[in-house]
file run27.txt (compact mmCIF, C-alpha atoms (C1' of nucleotides))
# COMPACT_ATOMS: atom_id res chain seq x y z
CA MET M 1316 43.01 180.36 84.69
CA PRO M 1317 43.93 178.34 87.78
CA GLY M 1318 43.75 174.58 87.66
CA ARG M 1319 40.52 172.75 88.16
CA GLU M 1320 41.75 171.25 91.42
CA THR M 1321 42.65 174.65 92.78
CA SER M 1322 39.30 176.06 91.83
CA ILE M 1323 37.46 173.22 93.51
CA ASP M 1324 39.51 173.79 96.63
CA THR M 1325 38.51 177.43 96.57
CA ILE M 1326 34.85 176.57 96.16
CA GLN M 1327 35.06 174.11 98.98
CA ARG M 1328 36.79 176.53 101.31
CA GLU M 1329 34.56 179.49 100.57
CA LEU M 1330 31.34 177.56 100.93
CA THR M 1331 32.55 176.08 104.18
CA ALA M 1332 33.53 179.49 105.47
CA PHE M 1333 30.11 180.76 104.60
CA ALA M 1334 28.46 177.90 106.45
CA ARG M 1335 30.57 178.60 109.50
CA ARG M 1336 29.40 182.18 109.60
CA ALA M 1337 25.80 181.60 108.67
CA ARG M 1338 24.46 180.96 112.14
CA HIS M 1339 26.09 184.04 113.56
CA LYS M 1340 24.80 186.22 110.76
CA ALA M 1341 21.32 184.83 111.05
CA SER M 1342 21.20 185.58 114.75
CA GLN M 1343 22.34 189.14 114.08
CA LEU M 1344 19.92 189.62 111.26
CA HIS M 1345 16.82 188.49 113.15
CA PRO M 1346 17.59 187.75 116.77
CA ASP M 1347 14.14 186.37 117.43
CA LEU M 1348 14.43 183.70 114.74
CA SER M 1349 17.39 181.35 114.56
CA LEU M 1350 18.68 179.94 111.29
CA VAL M 1351 16.87 176.70 112.07
CA THR M 1352 13.52 178.13 113.03
CA TYR M 1353 13.68 180.57 110.15
CA SER M 1354 14.38 177.76 107.72
CA ILE M 1355 11.60 175.58 109.09
CA LEU M 1356 9.07 178.35 108.94
CA ASP M 1357 10.22 179.24 105.44
CA LEU M 1358 9.84 175.66 104.28
CA ILE M 1359 6.35 175.10 105.63
CA ASN M 1360 5.34 178.41 104.16
CA GLU M 1361 6.80 177.62 100.78
CA ARG M 1362 5.14 174.21 100.77
CA GLY M 1363 1.84 175.64 101.92
CA GLY M 1364 1.85 173.38 104.96
CA CYS M 1365 3.82 170.21 105.49
CA ARG M 1366 4.59 167.55 108.05
CA ALA M 1367 7.36 167.35 110.60
CA ALA M 1368 8.74 164.32 108.80
CA ASP M 1369 9.08 166.37 105.61
CA VAL M 1370 10.99 169.03 107.48
CA ALA M 1371 13.31 166.45 109.00
CA MET M 1372 13.96 164.88 105.63
CA HIS M 1373 14.56 168.18 103.89
CA PHE M 1374 17.05 169.50 106.41
CA MET M 1375 18.56 166.15 107.29
CA LEU M 1376 17.55 166.59 110.91
CA ASP M 1377 16.38 164.01 113.40
CA LYS M 1378 12.63 163.96 113.95
CA SER M 1379 13.14 164.68 117.63
CA THR M 1380 14.97 167.88 116.78
CA VAL M 1381 12.19 168.96 114.49
CA SER M 1382 9.60 168.04 117.09
CA ARG M 1383 11.22 170.35 119.60
CA GLN M 1384 11.68 173.19 117.15
CA VAL M 1385 8.08 172.91 116.10
CA THR M 1386 6.95 172.95 119.72
CA ALA M 1387 8.96 176.13 120.23
CA LEU M 1388 7.53 177.76 117.13
CA GLU M 1389 4.03 176.83 118.24
CA LYS M 1390 4.62 178.31 121.68
CA LEU M 1391 5.72 181.51 120.00
CA GLY M 1392 2.49 181.48 118.06
CA LEU M 1393 4.29 181.35 114.72
CA LEU M 1394 2.76 178.12 113.49
CA ARG M 1395 -0.09 175.82 114.35
CA ARG M 1396 -0.55 172.09 113.97
CA GLU M 1397 -3.59 170.42 112.54
CA THR M 1398 -4.09 166.71 112.75
CA ASP M 1399 -3.95 165.32 109.25
CA PRO M 1400 -7.50 164.11 108.52
CA ASP M 1401 -6.11 161.47 106.18
CA ASP M 1402 -3.59 160.09 108.64
CA GLN M 1403 -4.18 160.62 112.29
CA ARG M 1404 -0.57 159.90 113.16
CA GLY M 1405 0.62 162.99 111.42
CA GLN M 1406 0.14 166.70 111.76
CA ILE M 1407 0.07 169.37 109.14
CA LEU M 1408 2.15 172.37 110.08
CA ARG M 1409 1.03 175.78 108.94
CA ALA M 1410 2.38 179.24 109.58
CA THR M 1411 0.07 181.56 111.47
CA GLU M 1412 -0.49 185.16 110.49
CA ALA M 1413 2.11 186.19 113.05
CA GLY M 1414 4.49 183.64 111.57
CA LEU M 1415 3.96 184.95 108.06
CA THR M 1416 4.53 188.50 109.17
CA LEU M 1417 7.74 187.62 110.94
CA LEU M 1418 8.88 185.59 107.97
CA ARG M 1419 8.26 188.46 105.61
CA GLU M 1420 10.23 190.80 107.82
CA ALA M 1421 13.08 188.35 108.13
CA ASN M 1422 13.15 187.81 104.39
CA GLU M 1423 13.24 191.52 103.82
CA GLN M 1424 16.17 191.96 106.17
CA ARG M 1425 18.01 189.07 104.63
CA ARG M 1426 17.50 190.38 101.16
CA ALA M 1427 18.74 193.82 102.15
CA SER M 1428 21.77 192.38 103.88
CA PHE M 1429 22.66 190.25 100.88
CA ALA M 1430 22.04 193.03 98.44
CA ALA M 1431 24.45 195.29 100.29
CA ARG M 1432 27.29 192.95 99.45
CA PHE M 1433 26.73 193.22 95.75
CA THR M 1434 26.71 196.96 95.33
CA ASP M 1435 29.93 196.91 93.34
CA TRP M 1436 29.03 193.87 91.28
CA SER M 1437 27.65 194.25 87.81
CA ASP M 1438 24.18 192.88 87.08
CA GLN M 1439 25.76 190.33 84.84
CA ASP M 1440 28.13 189.07 87.48
CA VAL M 1441 25.32 188.79 90.04
CA ALA M 1442 23.21 186.86 87.57
CA ARG M 1443 26.04 184.50 86.70
CA PHE M 1444 26.90 183.90 90.32
CA ALA M 1445 23.26 183.07 91.04
CA ASP M 1446 23.23 180.68 88.09
CA TYR M 1447 26.28 178.86 89.30
CA LEU M 1448 24.89 178.55 92.82
CA ALA M 1449 21.56 177.30 91.56
CA ARG M 1450 23.29 174.79 89.36
CA TYR M 1451 25.41 173.67 92.27
CA GLY M 1452 22.43 173.41 94.64
CA ALA M 1453 20.36 171.50 92.14
CA GLU M 1454 22.71 168.56 92.40
CA ASP M 1455 21.79 167.96 96.04
CA MET P 662 18.94 187.47 82.24
CA PRO P 663 16.75 187.51 85.37
CA GLY P 664 16.47 190.68 87.41
CA ARG P 665 19.07 191.64 89.91
CA GLU P 666 16.64 191.18 92.83
CA THR P 667 15.74 187.70 91.68
CA SER P 668 19.37 186.76 91.33
CA ILE P 669 20.14 188.01 94.81
CA ASP P 670 17.24 186.00 96.20
CA THR P 671 18.63 182.95 94.51
CA ILE P 672 22.06 183.54 95.95
CA GLN P 673 20.57 184.02 99.38
CA ARG P 674 18.48 180.89 99.21
CA GLU P 675 21.18 178.66 97.81
CA LEU P 676 23.85 179.77 100.24
CA THR P 677 21.44 179.33 103.15
CA ALA P 678 20.45 175.89 101.96
CA PHE P 679 24.09 174.95 101.79
CA ALA P 680 24.73 176.24 105.30
CA ARG P 681 21.87 174.24 106.76
CA ARG P 682 23.27 171.01 105.46
CA ALA P 683 26.94 171.71 105.96
CA ARG P 684 27.33 170.40 109.48
CA HIS P 685 25.57 167.18 108.73
CA LYS P 686 27.61 166.59 105.60
CA ALA P 687 30.85 167.37 107.36
CA SER P 688 30.13 164.85 110.08
CA GLN P 689 29.39 162.23 107.46
CA LEU P 690 32.48 163.07 105.47
CA HIS P 691 34.96 162.90 108.33
CA PRO P 692 33.35 161.77 111.58
CA ASP P 693 36.48 162.40 113.62
CA LEU P 694 36.66 166.08 112.71
CA SER P 695 33.68 168.37 113.09
CA LEU P 696 33.03 171.27 110.77
CA VAL P 697 34.40 173.65 113.37
CA THR P 698 37.57 171.80 114.21
CA TYR P 699 38.22 171.07 110.57
CA SER P 700 37.81 174.72 109.68
CA ILE P 701 40.10 175.89 112.45
CA LEU P 702 42.80 173.42 111.56
CA ASP P 703 42.50 174.33 107.92
CA LEU P 704 42.82 178.03 108.66
CA ILE P 705 45.91 177.77 110.81
CA ASN P 706 47.46 175.50 108.23
CA GLU P 707 46.70 177.83 105.39
CA ARG P 708 48.06 180.80 107.30
CA GLY P 709 51.13 178.88 108.29
CA GLY P 710 50.34 179.42 111.94
CA CYS P 711 48.08 182.03 113.44
CA ARG P 712 46.60 183.18 116.71
CA ALA P 713 43.36 182.27 118.41
CA ALA P 714 42.17 185.82 117.99
CA ASP P 715 42.63 185.53 114.22
CA VAL P 716 40.56 182.38 114.20
CA ALA P 717 37.82 184.00 116.23
CA MET P 718 37.78 187.01 113.92
CA HIS P 719 37.75 184.94 110.78
CA PHE P 720 34.89 182.70 111.80
CA MET P 721 33.07 185.30 113.87
CA LEU P 722 33.28 183.13 116.94
CA ASP P 723 33.68 184.17 120.53
CA LYS P 724 37.24 183.85 121.78
CA SER P 725 36.06 181.47 124.49
CA THR P 726 34.68 179.13 121.88
CA VAL P 727 37.93 179.18 119.97
CA SER P 728 39.87 178.66 123.15
CA ARG P 729 37.94 175.48 123.87
CA GLN P 730 38.17 174.17 120.35
CA VAL P 731 41.89 174.79 120.35
CA THR P 732 42.25 173.00 123.68
CA ALA P 733 40.38 170.03 122.21
CA LEU P 734 42.55 170.00 119.10
CA GLU P 735 45.65 170.16 121.23
CA LYS P 736 44.49 167.25 123.39
CA LEU P 737 43.98 165.27 120.22
CA GLY P 738 47.54 166.10 119.26
CA LEU P 739 46.47 167.86 116.08
CA LEU P 740 48.00 171.22 116.86
CA ARG P 741 50.46 172.77 119.25
CA ARG P 742 50.74 176.22 120.74
CA GLU P 743 53.90 178.25 120.90
CA THR P 744 54.12 181.42 122.90
CA ASP P 745 54.60 184.29 120.51
CA PRO P 746 58.13 185.57 121.14
CA ASP P 747 57.10 189.08 120.11
CA ASP P 748 54.04 189.22 122.34
CA GLN P 749 53.92 186.98 125.33
CA ARG P 750 50.19 187.32 125.71
CA GLY P 751 49.54 185.49 122.49
CA GLN P 752 50.15 182.04 121.18
CA ILE P 753 50.94 180.91 117.70
CA LEU P 754 48.91 177.89 116.71
CA ARG P 755 50.48 175.38 114.39
CA ALA P 756 49.27 172.06 113.07
CA THR P 757 51.30 169.05 114.15
CA GLU P 758 52.32 166.30 111.76
CA ALA P 759 49.30 164.30 112.91
CA GLY P 760 47.14 167.34 112.32
CA LEU P 761 48.50 167.83 108.84
CA THR P 762 47.96 164.19 108.01
CA LEU P 763 44.38 164.25 109.21
CA LEU P 764 43.80 167.51 107.41
CA ARG P 765 45.17 166.10 104.18
CA GLU P 766 42.88 163.09 104.49
CA ALA P 767 39.87 165.22 105.29
CA ASN P 768 40.69 167.55 102.42
CA GLU P 769 41.05 164.62 100.10
CA GLN P 770 37.62 163.32 101.07
CA ARG P 771 36.09 166.74 100.81
CA ARG P 772 37.72 167.39 97.49
CA ALA P 773 36.47 164.07 96.14
CA SER P 774 32.98 164.79 97.41
CA PHE P 775 32.99 168.26 95.94
CA ALA P 776 34.62 167.20 92.70
CA ALA P 777 31.91 164.62 92.17
CA ARG P 778 29.43 167.44 91.91
CA PHE P 779 31.35 169.15 89.14
CA THR P 780 31.84 166.28 86.75
CA ASP P 781 29.58 167.86 84.18
CA TRP P 782 30.94 171.38 84.61
CA SER P 783 33.53 172.76 82.23
CA ASP P 784 36.89 173.85 83.62
CA GLN P 785 35.98 177.41 82.79
CA ASP P 786 32.70 177.30 84.70
CA VAL P 787 34.39 175.80 87.74
CA ALA P 788 37.03 178.52 87.64
CA ARG P 789 34.45 181.28 87.30
CA PHE P 790 32.33 179.89 90.10
CA ALA P 791 35.41 179.78 92.32
CA ASP P 792 36.20 183.40 91.41
CA TYR P 793 32.74 184.57 92.30
CA LEU P 794 32.78 182.75 95.62
CA ALA P 795 36.18 184.14 96.48
CA ARG P 796 35.03 187.62 95.59
CA TYR P 797 31.92 187.18 97.70
CA GLY P 798 33.91 185.81 100.61
CA ALA P 799 36.46 188.59 100.40
CA GLU P 800 33.85 191.18 101.32
CA ASP P 801 33.37 189.69 104.75
C1' DA K 80 -5.97 139.67 112.51
C1' DA K 81 -0.81 139.89 113.29
C1' DG K 82 3.27 141.95 112.30
C1' DA K 83 5.77 145.72 110.30
C1' DA K 84 6.29 150.38 109.22
C1' DT K 85 5.43 155.36 110.11
C1' DC K 86 4.75 159.63 112.90
C1' DG K 87 5.55 162.17 116.58
C1' DT K 88 7.08 162.81 121.80
C1' DT K 89 10.08 162.45 125.62
C1' DG K 90 14.33 161.13 128.27
C1' DT K 91 19.13 161.43 128.07
C1' DA K 92 23.60 162.85 126.59
C1' DT K 93 26.75 165.71 124.05
C1' DA K 94 28.70 169.59 121.25
C1' DG K 95 28.87 174.32 120.21
C1' DT K 96 28.18 178.78 121.49
C1' DG K 97 28.05 183.44 123.96
C1' DC K 98 28.64 186.39 127.92
C1' DA K 99 30.89 187.83 131.97
C1' DA K 100 34.65 187.76 135.10
C1' DC K 101 39.25 187.09 135.35
C1' DA K 102 44.69 187.07 134.76
C1' DA K 103 48.67 188.28 132.29
C1' DA K 104 51.07 191.03 129.12
C1' DA K 105 51.54 195.11 126.15
C1' DT K 106 50.39 199.83 124.93
C1' DT K 107 48.95 204.43 125.83
C1' DT K 108 48.51 208.38 128.65
C1' DC K 109 49.80 211.50 131.86
C1' DG C 852 58.13 205.93 134.88
C1' DA C 853 53.59 204.88 137.00
C1' DA C 854 48.81 204.34 136.15
C1' DA C 855 45.17 203.46 133.18
C1' DT C 856 43.67 201.10 129.12
C1' DT C 857 43.74 197.58 125.69
C1' DT C 858 44.69 193.05 124.03
C1' DT C 859 44.93 187.95 124.48
C1' DG C 860 43.49 183.99 126.24
C1' DT C 861 41.00 180.95 130.07
C1' DT C 862 37.22 179.49 132.95
C1' DG C 863 32.51 179.39 135.00
C1' DC C 864 27.87 179.42 133.75
C1' DA C 865 23.76 179.07 130.90
C1' DC C 866 21.43 177.90 126.89
C1' DT C 867 20.47 175.97 122.13
C1' DA C 868 20.79 172.50 118.74
C1' DT C 869 21.37 168.04 117.97
C1' DA C 870 21.26 162.75 117.90
C1' DC C 871 19.85 158.33 119.60
C1' DA C 872 16.83 155.26 121.89
C1' DA C 873 12.51 153.91 123.88
C1' DC C 874 7.83 154.57 123.61
C1' DG C 875 2.60 155.09 122.17
C1' DA C 876 -0.51 155.72 118.64
C1' DT C 877 -1.81 154.96 114.13
C1' DT C 878 -1.68 152.95 109.49
C1' DC C 879 -0.13 149.64 106.08
C1' DT C 880 1.03 144.85 104.52
C1' DT C 881 0.19 140.19 104.35

call {"tool": "encode", "arguments": {"input": "run27.txt", "output": "structure tokens"}}
result
Amino acid sequence: MPGRETSIDTIQRELTAFARRARHKASQLHPDLSLVTYSILDLINERGGCRAADVAMHFMLDKSTVSRQVTALEKLGLLRRETDPDDQRGQILRATEAGLTLLREANEQRRASFAARFTDWSDQDVARFADYLARYGAED
Amino acid sequence: MPGRETSIDTIQRELTAFARRARHKASQLHPDLSLVTYSILDLINERGGCRAADVAMHFMLDKSTVSRQVTALEKLGLLRRETDPDDQRGQILRATEAGLTLLREANEQRRASFAARFTDWSDQDVARFADYLARYGAED
DNA sequence: AAGAATCGTTGTATAGTGCAACAAAATTTC
DNA sequence: GAAATTTTGTTGCACTATACAACGATTCTT
């Protein structure tokens, strides 16, 4: 077994390499939905509607960035904004039907693309890898 | 053990979440070296010198992008280019002393930041996680 | 009621990226 | 061996993503 330091270096390098490639892959996988817009749409869907401020917080993005992305998504008809009845400053973002459809398609493509990389992995190895990643991500 | 599909979804989600935050974290970790420039410098160091085309291939970047990043790194004095004696079209990129120093510092900060997340992981789990990531990355 | 905080928009600037056109060198083809 | 093709890198151009700052509207705190 390699040393702990070496292993941590490997983890660091591999995760960074993945991050570097992620944008490119996302654009290939669903050209009409960038990594950012996909992630935003996915988040508001998962949350069942949320505010721009929540999105900004979650992705560590400036509110102006989110504002522009949301405007773009709205123009594409993928989400709509409703003024929050409890706080007229804010808006509740919700995916439209078209947004949900696109999101489902994108998720399907992503899943297929990921699955293809694991064809020669055993079920056990896939499960363990997922566990480790989840454990890692949970510490965020 | 969860189903294979579920595990793959987890892997997909966790890796994507990491990618979304990576740029921001990198800029916080070492403000003088972006995720891209850091990655490029790290790669040419690890390879003991390589060509711009290798960098582009490895990170799936356009050669023009790499060309500009390399120019920037050279202006900062972090790497130098040597014409490849065996092929005068190409250049061999090598980190300078200043580049190596900066890289060491950045790596130290990154390692510390990463290591902090593994304090409650056993050596064996860290090693296995590293193995899985390396195996995943190798299929690129 | 006054001041402070929050939410979102817009103006401005910058970095990162891809594509296309190009130049130089090497390789292949005839 | 000359011509065509491929490889390697640069530059011009366009566009996206991003942050920061200033702002207006609203809500919260005293």

call {"tool": "residues_around", "arguments": {"input": "run27.txt", "residues": "P:Arg741", "least_positions_apart": "4", "cutoff": "6 Å", "atoms": "all atoms listed in the file", "output": "PyMOL selection string"}}
result
chain P and resi 735+754-755

call {"tool": "closest_residue", "arguments": {"input": "run27.txt", "among": "P:Lys736, P:Arg708, P:His719, P:Arg750", "to": "chain M", "atoms": "all atoms listed in the file"}}
result
P:His719

call {"tool": "interface_residues", "arguments": {"input": "run27.txt", "of": "chain K", "to": "chain P", "cutoff": "10 Å", "atoms": "only C-alpha atoms (C1' of nucleotides)", "output": "list in words"}}
result
DA94, DG95, DT96, DG97, DC98, DA103, DA104 and DA105 of chain K

call {"tool": "calpha_fit_rmsd", "arguments": {"input": "run27.txt", "fixed": "chain P", "moving": "chain M"}}
result
1.0 Å

call {"tool": "atom_distance", "arguments": {"input": "run27.txt", "atom1": "atom CA of M:Ile1359", "atom2": "atom CA of M:Ala1410"}}
result
7.0 Å

call {"tool": "atom_distance", "arguments": {"input": "run27.txt", "atom1": "atom CA of M:Ala1430", "atom2": "atom CA of P:Leu676"}}
result
13.5 Å

call {"tool": "closest_residue", "arguments": {"input": "run27.txt", "among": "P:Arg684, P:Arg712, P:Arg771, P:Arg778", "to": "C:DT859", "atoms": "all atoms listed in the file"}}
result
P:Arg712

call {"tool": "axis_aligned_box", "arguments": {"input": "run27.txt", "around": "stretch 86-89 of chain K", "padding_each_side": "4 Å", "output": "lines of an AutoDock Vina configuration file"}}
result
center_x = 7.4
center_y = 161.2
center_z = 119.3
size_x = 13.3
size_y = 11.2
size_z = 20.7

call {"tool": "interface_residues", "arguments": {"input": "run27.txt", "of": "chain C", "to": "chain P", "cutoff": "9 Å", "atoms": "all atoms listed in the file", "output": "list in words"}}
result
DT858, DT859, DG860, DT861 and DT862 of chain C

call {"tool": "interface_residues", "arguments": {"input": "run27.txt", "of": "chain M", "to": "chain P", "cutoff": "9 Å", "atoms": "only C-alpha atoms", "output": "PyMOL selection string"}}
result
chain M and resi 1316-1340+1350-1351+1354+1374-1376+1425-1426+1429-1430+1432-1433+1438-1449+1451-1452+1454-1455

call {"tool": "atom_distance", "arguments": {"input": "run27.txt", "atom1": "atom CA of P:Gly738", "atom2": "atom CA of P:Leu764"}}
result
12.5 Å

call {"tool": "closest_residue", "arguments": {"input": "run27.txt", "among": "K:DG82, K:DT108, K:DA100, K:DT91", "to": "C:DA872", "atoms": "all atoms listed in the file"}}
result
K:DT91
